[in-house]
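Text of the file final_16.pdb, holding PDB, C-alpha atoms:
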MODEL        1
ATOM      1  CA  GLU A 277     107.045 127.788  88.783  1.00  0.00           C
ATOM      2  CA  CYS A 278     104.282 126.530  91.062  1.00  0.00           C
ATOM      3  CA  LEU A 279     105.865 128.468  93.937  1.00  0.00           C
ATOM      4  CA  LYS A 280     104.771 131.687  92.231  1.00  0.00           C
ATOM      5  CA  ASP A 281     101.583 133.443  93.272  1.00  0.00           C
ATOM      6  CA  PRO A 282      98.647 132.911  90.865  1.00  0.00           C
ATOM      7  CA  THR A 283      97.747 135.912  88.715  1.00  0.00           C
ATOM      8  CA  ASP A 284      94.931 136.737  86.309  1.00  0.00           C
ATOM      9  CA  ALA A 285      97.306 136.139  83.398  1.00  0.00           C
ATOM     10  CA  ASP A 286      98.604 132.867  84.885  1.00  0.00           C
ATOM     11  CA  PRO A 287      96.076 131.456  87.370  1.00  0.00           C
ATOM     12  CA  TYR A 288      97.783 128.059  87.490  1.00  0.00           C
ATOM     13  CA  PRO A 289     101.553 128.682  87.599  1.00  0.00           C
ATOM     14  CA  GLY A 290     103.610 125.594  86.975  1.00  0.00           C
ATOM     15  CA  ARG A 291     100.626 123.418  86.064  1.00  0.00           C
ATOM     16  CA  PRO A 292     100.740 121.439  82.796  1.00  0.00           C
ATOM     17  CA  MET A 293      97.557 123.017  81.476  1.00  0.00           C
ATOM     18  CA  SER A 294      98.201 121.976  77.862  1.00  0.00           C
ATOM     19  CA  LEU A 295      98.350 118.348  79.033  1.00  0.00           C
ATOM     20  CA  TYR A 296      95.142 118.696  81.060  1.00  0.00           C
ATOM     21  CA  ARG A 297      93.349 120.171  78.036  1.00  0.00           C
ATOM     22  CA  LYS A 298      94.629 117.453  75.725  1.00  0.00           C
ATOM     23  CA  LEU A 299      93.317 114.824  78.152  1.00  0.00           C
ATOM     24  CA  GLY A 300      90.001 116.643  78.393  1.00  0.00           C
ATOM     25  CA  ILE A 301      90.347 117.365  82.117  1.00  0.00           C
ATOM     26  CA  PRO A 302      91.236 121.080  82.418  1.00  0.00           C
ATOM     27  CA  GLU A 303      89.022 121.240  85.528  1.00  0.00           C
ATOM     28  CA  LEU A 304      91.638 119.170  87.363  1.00  0.00           C
ATOM     29  CA  ALA A 305      93.625 122.358  87.910  1.00  0.00           C
ATOM     30  CA  ASN A 306      90.794 123.702  90.092  1.00  0.00           C
ATOM     31  CA  LYS A 307      91.052 120.664  92.356  1.00  0.00           C
ATOM     32  CA  LEU A 308      94.762 121.111  93.034  1.00  0.00           C
ATOM     33  CA  PRO A 309      96.347 123.629  95.431  1.00  0.00           C
ATOM     34  CA  ARG A 310      96.687 126.991  93.760  1.00  0.00           C
ATOM     35  CA  LYS A 311     100.144 127.477  95.187  1.00  0.00           C
ATOM     36  CA  CYS A 312     102.921 125.097  96.248  1.00  0.00           C
ATOM     37  CA  LEU A 313     105.002 125.610  99.356  1.00  0.00           C
ATOM     38  CA  PRO A 314     108.558 124.376  99.865  1.00  0.00           C
ATOM     39  CA  MET A 315     109.031 121.643 102.437  1.00  0.00           C
ATOM     40  CA  GLY A 316     109.471 123.106 105.890  1.00  0.00           C
ATOM     41  CA  SER A 317     107.471 126.255 105.149  1.00  0.00           C
ATOM     42  CA  VAL A 318     105.211 127.301 108.011  1.00  0.00           C
ATOM     43  CA  ILE A 319     101.582 126.879 106.978  1.00  0.00           C
ATOM     44  CA  GLY A 320     100.047 128.187 110.181  1.00  0.00           C
ATOM     45  CA  GLY A 321      99.525 127.322 113.808  1.00  0.00           C
ATOM     46  CA  LEU A 322      97.894 124.337 115.460  1.00  0.00           C
ATOM     47  CA  THR A 323      94.199 125.001 116.016  1.00  0.00           C
ATOM     48  CA  PRO A 324      92.641 124.649 119.486  1.00  0.00           C
ATOM     49  CA  ASP A 325      90.748 121.499 118.468  1.00  0.00           C
ATOM     50  CA  ALA A 326      93.848 119.882 116.969  1.00  0.00           C
ATOM     51  CA  ALA A 327      95.986 120.922 119.937  1.00  0.00           C
ATOM     52  CA  LYS A 328      93.531 119.385 122.380  1.00  0.00           C
ATOM     53  CA  HIS A 329      93.337 116.170 120.373  1.00  0.00           C
ATOM     54  CA  LEU A 330      97.126 115.854 120.103  1.00  0.00           C
ATOM     55  CA  GLY A 331      98.012 117.170 123.540  1.00  0.00           C
ATOM     56  CA  LEU A 332     100.189 119.905 122.042  1.00  0.00           C
ATOM     57  CA  PRO A 333     100.284 123.696 122.519  1.00  0.00           C
ATOM     58  CA  VAL A 334      97.822 125.858 120.612  1.00  0.00           C
ATOM     59  CA  GLY A 335      99.569 127.761 117.851  1.00  0.00           C
ATOM     60  CA  LEU A 336     102.451 125.318 117.523  1.00  0.00           C
ATOM     61  CA  PRO A 337     103.869 125.915 114.027  1.00  0.00           C
ATOM     62  CA  VAL A 338     102.601 123.477 111.385  1.00  0.00           C
ATOM     63  CA  THR A 339     104.958 123.062 108.449  1.00  0.00           C
ATOM     64  CA  GLN A 340     104.622 121.748 104.929  1.00  0.00           C
ATOM     65  CA  GLY A 341     105.657 118.120 104.519  1.00  0.00           C
ATOM     66  CA  GLY A 342     106.756 116.370 101.363  1.00  0.00           C
ATOM     67  CA  PRO A 343     106.969 113.082  99.458  1.00  0.00           C
ATOM     68  CA  ASP A 344     108.747 110.297 101.304  1.00  0.00           C
ATOM     69  CA  ALA A 345     111.765 110.283  98.976  1.00  0.00           C
ATOM     70  CA  PHE A 346     112.182 114.070  99.216  1.00  0.00           C
ATOM     71  CA  VAL A 347     112.135 113.938 103.007  1.00  0.00           C
ATOM     72  CA  GLY A 348     114.461 110.926 102.950  1.00  0.00           C
ATOM     73  CA  MET A 349     117.007 112.819 100.847  1.00  0.00           C
ATOM     74  CA  ILE A 350     117.153 115.603 103.415  1.00  0.00           C
ATOM     75  CA  GLY A 351     117.467 113.068 106.241  1.00  0.00           C
ATOM     76  CA  LEU A 352     120.396 111.450 104.426  1.00  0.00           C
ATOM     77  CA  GLY A 353     122.053 114.797 103.830  1.00  0.00           C
ATOM     78  CA  CYS A 354     121.767 114.354 100.070  1.00  0.00           C
ATOM     79  CA  ILE A 355     121.144 118.020  99.316  1.00  0.00           C
ATOM     80  CA  HIS A 356     124.295 119.147  97.503  1.00  0.00           C
ATOM     81  CA  PRO A 357     124.910 119.003  93.738  1.00  0.00           C
ATOM     82  CA  GLY A 358     126.844 115.900  92.754  1.00  0.00           C
ATOM     83  CA  GLN A 359     125.488 113.764  95.586  1.00  0.00           C
ATOM     84  CA  LEU A 360     123.528 110.568  94.984  1.00  0.00           C
ATOM     85  CA  CYS A 361     121.566 108.472  97.456  1.00  0.00           C
ATOM     86  CA  LEU A 362     119.724 105.156  97.466  1.00  0.00           C
ATOM     87  CA  ILE A 363     116.337 105.099  99.179  1.00  0.00           C
ATOM     88  CA  THR A 364     114.744 101.702  99.575  1.00  0.00           C
ATOM     89  CA  GLY A 365     111.529 100.377 101.037  1.00  0.00           C
ATOM     90  CA  SER A 366     108.632  98.712  99.249  1.00  0.00           C
ATOM     91  CA  SER A 367     110.255 100.183  96.127  1.00  0.00           C
ATOM     92  CA  HIS A 368     113.607 101.885  95.634  1.00  0.00           C
ATOM     93  CA  LEU A 369     115.061 105.038  94.125  1.00  0.00           C
ATOM     94  CA  HIS A 370     118.462 106.376  93.137  1.00  0.00           C
ATOM     95  CA  CYS A 371     118.277 110.161  93.541  1.00  0.00           C
ATOM     96  CA  VAL A 372     120.977 112.488  92.183  1.00  0.00           C
ATOM     97  CA  VAL A 373     121.183 116.189  93.050  1.00  0.00           C
ATOM     98  CA  THR A 374     122.209 118.751  90.423  1.00  0.00           C
ATOM     99  CA  ASN A 375     122.588 122.524  90.330  1.00  0.00           C
ATOM    100  CA  LYS A 376     120.761 122.663  86.989  1.00  0.00           C
ATOM    101  CA  PRO A 377     117.495 120.913  86.014  1.00  0.00           C
ATOM    102  CA  THR A 378     119.211 118.269  83.868  1.00  0.00           C
ATOM    103  CA  THR A 379     117.951 114.807  83.034  1.00  0.00           C
ATOM    104  CA  ALA A 380     118.780 111.847  80.793  1.00  0.00           C
ATOM    105  CA  PRO A 381     116.877 109.156  78.877  1.00  0.00           C
ATOM    106  CA  GLY A 382     115.521 106.494  81.197  1.00  0.00           C
ATOM    107  CA  THR A 383     115.320 108.750  84.258  1.00  0.00           C
ATOM    108  CA  TRP A 384     112.538 110.767  85.888  1.00  0.00           C
ATOM    109  CA  GLY A 385     112.930 114.482  86.480  1.00  0.00           C
ATOM    110  CA  ALA A 386     114.569 116.816  86.771  1.00  0.00           C
ATOM    111  CA  TYR A 387     112.436 118.142  89.614  1.00  0.00           C
ATOM    112  CA  ARG A 388     113.143 121.849  89.982  1.00  0.00           C
ATOM    113  CA  GLY A 389     113.473 123.260  93.462  1.00  0.00           C
ATOM    114  CA  ALA A 390     113.458 119.811  95.043  1.00  0.00           C
ATOM    115  CA  PRO A 391     113.975 118.572  97.609  1.00  0.00           C
ATOM    116  CA  LEU A 392     114.892 122.133  98.629  1.00  0.00           C
ATOM    117  CA  PRO A 393     114.708 125.473  96.821  1.00  0.00           C
ATOM    118  CA  GLY A 394     117.755 126.236  94.720  1.00  0.00           C
ATOM    119  CA  ILE A 395     118.613 122.647  93.796  1.00  0.00           C
ATOM    120  CA  ASN A 396     117.184 119.964  91.515  1.00  0.00           C
ATOM    121  CA  PHE A 397     117.204 116.200  91.345  1.00  0.00           C
ATOM    122  CA  ALA A 398     116.463 113.346  88.982  1.00  0.00           C
ATOM    123  CA  GLU A 399     115.716 109.743  89.860  1.00  0.00           C
ATOM    124  CA  GLY A 400     115.713 106.175  88.675  1.00  0.00           C
ATOM    125  CA  GLY A 401     114.684 102.927  90.323  1.00  0.00           C
ATOM    126  CA  GLN A 402     112.173 100.108  90.390  1.00  0.00           C
ATOM    127  CA  SER A 403     108.684  99.676  91.818  1.00  0.00           C
ATOM    128  CA  SER A 404     109.245  96.319  93.515  1.00  0.00           C
ATOM    129  CA  THR A 405     112.002  95.902  96.079  1.00  0.00           C
ATOM    130  CA  GLY A 406     110.951  95.312  99.664  1.00  0.00           C
ATOM    131  CA  SER A 407     107.500  94.401  98.399  1.00  0.00           C
ATOM    132  CA  ILE A 408     108.963  91.370  96.584  1.00  0.00           C
ATOM    133  CA  ILE A 409     110.889  90.344  99.683  1.00  0.00           C
ATOM    134  CA  ARG A 410     107.734  90.549 101.788  1.00  0.00           C
ATOM    135  CA  TRP A 411     105.763  88.606  99.160  1.00  0.00           C
ATOM    136  CA  ALA A 412     108.402  85.865  98.915  1.00  0.00           C
ATOM    137  CA  LYS A 413     108.653  85.525 102.697  1.00  0.00           C
ATOM    138  CA  ALA A 414     104.880  85.063 102.951  1.00  0.00           C
ATOM    139  CA  LEU A 415     104.975  82.575 100.069  1.00  0.00           C
ATOM    140  CA  PHE A 416     107.622  80.520 101.852  1.00  0.00           C
ATOM    141  CA  GLY A 417     105.576  80.345 105.042  1.00  0.00           C
ATOM    142  CA  GLY A 418     106.397  83.601 106.745  1.00  0.00           C
ATOM    143  CA  ASP A 419     102.761  84.269 107.611  1.00  0.00           C
ATOM    144  CA  SER A 420     102.245  80.982 109.491  1.00  0.00           C
ATOM    145  CA  SER A 421     101.969  80.657 113.259  1.00  0.00           C
ATOM    146  CA  GLU A 422     105.639  79.657 113.360  1.00  0.00           C
ATOM    147  CA  ALA A 423     106.668  82.572 111.207  1.00  0.00           C
ATOM    148  CA  LEU A 424     109.724  82.186 109.037  1.00  0.00           C
ATOM    149  CA  ASP A 425     112.042  85.113 109.700  1.00  0.00           C
ATOM    150  CA  TYR A 426     114.199  87.119 107.325  1.00  0.00           C
ATOM    151  CA  GLU A 427     117.409  86.139 109.116  1.00  0.00           C
ATOM    152  CA  THR A 428     116.811  82.455 108.390  1.00  0.00           C
ATOM    153  CA  LEU A 429     116.158  83.141 104.719  1.00  0.00           C
ATOM    154  CA  ASP A 430     119.243  85.353 104.475  1.00  0.00           C
ATOM    155  CA  LYS A 431     121.453  82.686 106.055  1.00  0.00           C
ATOM    156  CA  GLU A 432     120.148  80.041 103.648  1.00  0.00           C
ATOM    157  CA  ALA A 433     120.680  82.340 100.656  1.00  0.00           C
ATOM    158  CA  ALA A 434     124.235  83.143 101.789  1.00  0.00           C
ATOM    159  CA  GLU A 435     125.150  79.531 101.058  1.00  0.00           C
ATOM    160  CA  ILE A 436     124.113  79.907  97.411  1.00  0.00           C
ATOM    161  CA  PRO A 437     126.731  81.273  94.992  1.00  0.00           C
ATOM    162  CA  PRO A 438     126.114  84.506  93.043  1.00  0.00           C
ATOM    163  CA  GLY A 439     123.945  83.753  90.022  1.00  0.00           C
ATOM    164  CA  SER A 440     121.772  81.321  92.007  1.00  0.00           C
ATOM    165  CA  GLU A 441     123.051  78.473  89.849  1.00  0.00           C
ATOM    166  CA  GLY A 442     121.254  79.689  86.751  1.00  0.00           C
ATOM    167  CA  LEU A 443     118.094  81.028  88.410  1.00  0.00           C
ATOM    168  CA  VAL A 444     117.201  84.563  87.360  1.00  0.00           C
ATOM    169  CA  ALA A 445     114.491  86.803  88.845  1.00  0.00           C
ATOM    170  CA  LEU A 446     113.090  89.728  86.848  1.00  0.00           C
ATOM    171  CA  GLU A 447     111.980  92.247  89.475  1.00  0.00           C
ATOM    172  CA  THR A 448     109.199  94.034  87.567  1.00  0.00           C
ATOM    173  CA  PHE A 449     106.422  92.431  89.637  1.00  0.00           C
ATOM    174  CA  GLN A 450     104.577  95.767  89.889  1.00  0.00           C
ATOM    175  CA  GLY A 451     105.554  97.231  86.563  1.00  0.00           C
ATOM    176  CA  SER A 452     108.776  98.943  85.544  1.00  0.00           C
ATOM    177  CA  ARG A 453     109.741 102.415  86.743  1.00  0.00           C
ATOM    178  CA  THR A 454     113.042 103.032  84.914  1.00  0.00           C
ATOM    179  CA  PRO A 455     114.859 102.880  82.560  1.00  0.00           C
ATOM    180  CA  LYS A 456     111.747 101.800  80.655  1.00  0.00           C
ATOM    181  CA  THR A 457     108.529 102.999  82.241  1.00  0.00           C
ATOM    182  CA  ASP A 458     105.852 100.356  81.756  1.00  0.00           C
ATOM    183  CA  ALA A 459     103.048  99.913  84.277  1.00  0.00           C
ATOM    184  CA  LEU A 460     102.014  96.685  82.554  1.00  0.00           C
ATOM    185  CA  ALA A 461     105.424  94.998  82.800  1.00  0.00           C
ATOM    186  CA  ARG A 462     105.383  91.786  84.844  1.00  0.00           C
ATOM    187  CA  GLY A 463     108.032  89.915  86.770  1.00  0.00           C
ATOM    188  CA  ALA A 464     109.369  86.450  86.098  1.00  0.00           C
ATOM    189  CA  VAL A 465     111.508  83.727  87.605  1.00  0.00           C
ATOM    190  CA  VAL A 466     113.496  82.025  84.837  1.00  0.00           C
ATOM    191  CA  GLY A 467     115.664  78.932  84.851  1.00  0.00           C
ATOM    192  CA  LEU A 468     113.940  76.893  87.558  1.00  0.00           C
ATOM    193  CA  THR A 469     114.999  73.269  87.905  1.00  0.00           C
ATOM    194  CA  LEU A 470     114.173  70.560  90.423  1.00  0.00           C
ATOM    195  CA  SER A 471     117.538  71.170  92.070  1.00  0.00           C
ATOM    196  CA  HIS A 472     116.669  74.720  93.070  1.00  0.00           C
ATOM    197  CA  THR A 473     115.496  75.431  96.623  1.00  0.00           C
ATOM    198  CA  ARG A 474     113.832  78.336  98.355  1.00  0.00           C
ATOM    199  CA  ALA A 475     117.347  79.555  99.165  1.00  0.00           C
ATOM    200  CA  HIS A 476     118.008  79.878  95.410  1.00  0.00           C
ATOM    201  CA  LEU A 477     114.783  81.827  94.969  1.00  0.00           C
ATOM    202  CA  TRP A 478     115.602  84.100  97.899  1.00  0.00           C
ATOM    203  CA  ARG A 479     119.096  84.719  96.511  1.00  0.00           C
ATOM    204  CA  ALA A 480     117.787  85.397  93.003  1.00  0.00           C
ATOM    205  CA  LYS A 481     115.027  87.772  93.967  1.00  0.00           C
TER
ENDMDL
END
Kindly transcribe the structure held in the file into structure tokens.
Amino acid sequence: ECLKDPTDADPYPGRPMSLYRKLGIPELANKLPRKCLPMGSVIGGLTPDAAKHLGLPVGLPVTQGGPDAFVGMIGLGCIHPGQLCLITGSSHLHCVVTNKPTTAPGTWGAYRGAPLPGINFAEGGQSSTGSIIRWAKALFGGDSSEALDYETLDKEAAEIPPGSEGLVALETFQGSRTPKTDALARGAVVGLTLSHTRAHLWRAK
């Protein structure tokens, strides 16, 4: 809907105006772009100032970008209905492409016309993935002058059996994304004993 041109009858196509009014912020619509463009659409050409700064030709086409996950789906080739991909970084997502804007309880979406026009996708995932790994590495001494590396931690964890001998890590350190969305959810490490080592923690997390 937001790809449509604004009209007098519908000046904010695709915008959730009833939600904005309920929240008492209808003016938010005036601060957002009046029209959305699909990823890859040409917005214009590189200006002389920008071209000089970047060392690129004047008029070089500038195209519309997109959210990291949307761009990642295209890079992975996950653009056909029935495909699913896993995108991971500081957080992670499972993205499934459909030919209809369908969704299910505990998922986000469906996002119509995304990541490309004519298709849709829905997603699930968690907010803390790589961010927990980075946090744990720093906690174990990875920020010291003799930095602990990921390979060492992985090798140590490989010696620990699945289940970390009763140690369980709940990954909602930055809230929960799906299947239950809760920004206030917090993580936990449960089952610690004096026999557990950093290798157990690394395996559990």
Counting all atoms listed in the file, the residue of A:Ser407, A:Asn396, A:Ser294, A:Ser367 that sits nearest Thr454 in chain A: A:Ser367
From A:Gly290, A:Gly365, A:Gly320, A:Gly406, residue lying nearest Leu308 in chain A [only C-alpha atoms]: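 Between A:Gly290, A:Gly365, A:Gly320, A:Gly406, the residue approaching Leu308 in chain A most closely is A:Gly290.
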Of the listed residues A:Thr283, A:Gly300, A:Phe346, A:Gly401, that which approaches Tyr387 in chain A most closely, counting only C-alpha atoms: A:Phe346
Which residues would end up in the selection if the PyMOL selection byres ((chain A and resi 382) around 10) were applied here, given that I need the answer as a compact mmCIF listing (two decimals) with C-alpha atoms, in the coordinates of the input?
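Saved result, selection-v3.txt, follows:
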# COMPACT_ATOMS: atom_id res chain seq x y z
CA THR A 379 117.95 114.81 83.03
CA ALA A 380 118.78 111.85 80.79
CA PRO A 381 116.88 109.16 78.88
CA THR A 383 115.32 108.75 84.26
CA TRP A 384 112.54 110.77 85.89
CA GLY A 385 112.93 114.48 86.48
CA GLU A 399 115.72 109.74 89.86
CA GLY A 400 115.71 106.18 88.68
CA GLY A 401 114.68 102.93 90.32
CA ARG A 453 109.74 102.42 86.74
CA THR A 454 113.04 103.03 84.91
CA PRO A 455 114.86 102.88 82.56
CA LYS A 456 111.75 101.80 80.66
CA THR A 457 108.53 103.00 82.24
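Comparing the minimum interatomic distances between Met315 in chain A and each of A:Leu360, A:Leu295, A:Val338, A:Ala423, counting only C-alpha atoms, we find that A:Val338 sits nearest.
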Which residues fall under the PyMOL selection byres ((chain A and resi 446) around 9) in this file, as a PDB file with C-alpha atoms, in the coordinates of the input?
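That gives us expr.pdb:
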ATOM      1  CA  VAL A 444     117.201  84.563  87.360  1.00  0.00           C
ATOM      2  CA  ALA A 445     114.491  86.803  88.845  1.00  0.00           C
ATOM      3  CA  GLU A 447     111.980  92.247  89.475  1.00  0.00           C
ATOM      4  CA  THR A 448     109.199  94.034  87.567  1.00  0.00           C
ATOM      5  CA  PHE A 449     106.422  92.431  89.637  1.00  0.00           C
ATOM      6  CA  ARG A 462     105.383  91.786  84.844  1.00  0.00           C
ATOM      7  CA  GLY A 463     108.032  89.915  86.770  1.00  0.00           C
ATOM      8  CA  ALA A 464     109.369  86.450  86.098  1.00  0.00           C
ATOM      9  CA  VAL A 465     111.508  83.727  87.605  1.00  0.00           C
ATOM     10  CA  VAL A 466     113.496  82.025  84.837  1.00  0.00           C
ATOM     11  CA  ALA A 480     117.787  85.397  93.003  1.00  0.00           C
ATOM     12  CA  LYS A 481     115.027  87.772  93.967  1.00  0.00           C
TER      13      LYS A 481
END
Target residues per the PyMOL selection byres ((chain A and resi 348-350) around 9), formatted as an mmCIF file with C-alpha atoms, in the frame of the given file:
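Written out: result_24.cif:
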data_model
loop_
_atom_site.group_PDB
_atom_site.id
_atom_site.type_symbol
_atom_site.label_atom_id
_atom_site.label_comp_id
_atom_site.auth_asym_id
_atom_site.auth_seq_id
_atom_site.Cartn_x
_atom_site.Cartn_y
_atom_site.Cartn_z
ATOM 1 C CA PRO A 343 106.969 113.082 99.458
ATOM 2 C CA ASP A 344 108.747 110.297 101.304
ATOM 3 C CA ALA A 345 111.765 110.283 98.976
ATOM 4 C CA PHE A 346 112.182 114.070 99.216
ATOM 5 C CA VAL A 347 112.135 113.938 103.007
ATOM 6 C CA GLY A 351 117.467 113.068 106.241
ATOM 7 C CA LEU A 352 120.396 111.450 104.426
ATOM 8 C CA GLY A 353 122.053 114.797 103.830
ATOM 9 C CA CYS A 354 121.767 114.354 100.070
ATOM 10 C CA ILE A 355 121.144 118.020 99.316
ATOM 11 C CA CYS A 361 121.566 108.472 97.456
ATOM 12 C CA LEU A 362 119.724 105.156 97.466
ATOM 13 C CA ILE A 363 116.337 105.099 99.179
ATOM 14 C CA CYS A 371 118.277 110.161 93.541
ATOM 15 C CA PRO A 391 113.975 118.572 97.609
ATOM 16 C CA LEU A 392 114.892 122.133 98.629
#
CA of Glu427 in chain A to CA of Thr405 in chain A, distance in Å rounded to a single decimal: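 It comes out at 17.2 Å.
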Distance of CA of Pro393 in chain A from CA of Gly316 in chain A, expressed in Å to one decimal place: 10.7 Å
Counting only C-alpha atoms, I want the residues whose atoms come within 12 Å of (98.9, 129.2, 88.0) in the file frame, returned as a PDB file with C-alpha atoms, in the coordinates of the input.
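Below is the file that was written, out-v5.pdb:
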ATOM      1  CA  GLU A 277     107.045 127.788  88.783  1.00  0.00           C
ATOM      2  CA  CYS A 278     104.282 126.530  91.062  1.00  0.00           C
ATOM      3  CA  LEU A 279     105.865 128.468  93.937  1.00  0.00           C
ATOM      4  CA  LYS A 280     104.771 131.687  92.231  1.00  0.00           C
ATOM      5  CA  ASP A 281     101.583 133.443  93.272  1.00  0.00           C
ATOM      6  CA  PRO A 282      98.647 132.911  90.865  1.00  0.00           C
ATOM      7  CA  THR A 283      97.747 135.912  88.715  1.00  0.00           C
ATOM      8  CA  ASP A 284      94.931 136.737  86.309  1.00  0.00           C
ATOM      9  CA  ALA A 285      97.306 136.139  83.398  1.00  0.00           C
ATOM     10  CA  ASP A 286      98.604 132.867  84.885  1.00  0.00           C
ATOM     11  CA  PRO A 287      96.076 131.456  87.370  1.00  0.00           C
ATOM     12  CA  TYR A 288      97.783 128.059  87.490  1.00  0.00           C
ATOM     13  CA  PRO A 289     101.553 128.682  87.599  1.00  0.00           C
ATOM     14  CA  GLY A 290     103.610 125.594  86.975  1.00  0.00           C
ATOM     15  CA  ARG A 291     100.626 123.418  86.064  1.00  0.00           C
ATOM     16  CA  PRO A 292     100.740 121.439  82.796  1.00  0.00           C
ATOM     17  CA  MET A 293      97.557 123.017  81.476  1.00  0.00           C
ATOM     18  CA  ALA A 305      93.625 122.358  87.910  1.00  0.00           C
ATOM     19  CA  ASN A 306      90.794 123.702  90.092  1.00  0.00           C
ATOM     20  CA  LEU A 308      94.762 121.111  93.034  1.00  0.00           C
ATOM     21  CA  PRO A 309      96.347 123.629  95.431  1.00  0.00           C
ATOM     22  CA  ARG A 310      96.687 126.991  93.760  1.00  0.00           C
ATOM     23  CA  LYS A 311     100.144 127.477  95.187  1.00  0.00           C
ATOM     24  CA  CYS A 312     102.921 125.097  96.248  1.00  0.00           C
TER      25      CYS A 312
END
Distance in Å - CA of Gly451 in chain A versus CA of Leu477 in chain A: 19.8 Å
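With all atoms listed in the file as the basis for measurement, A:Ala475 is the residue among A:Ala326, A:Leu313, A:Ala475, A:Ala412 that approaches Ala433 in chain A most closely.
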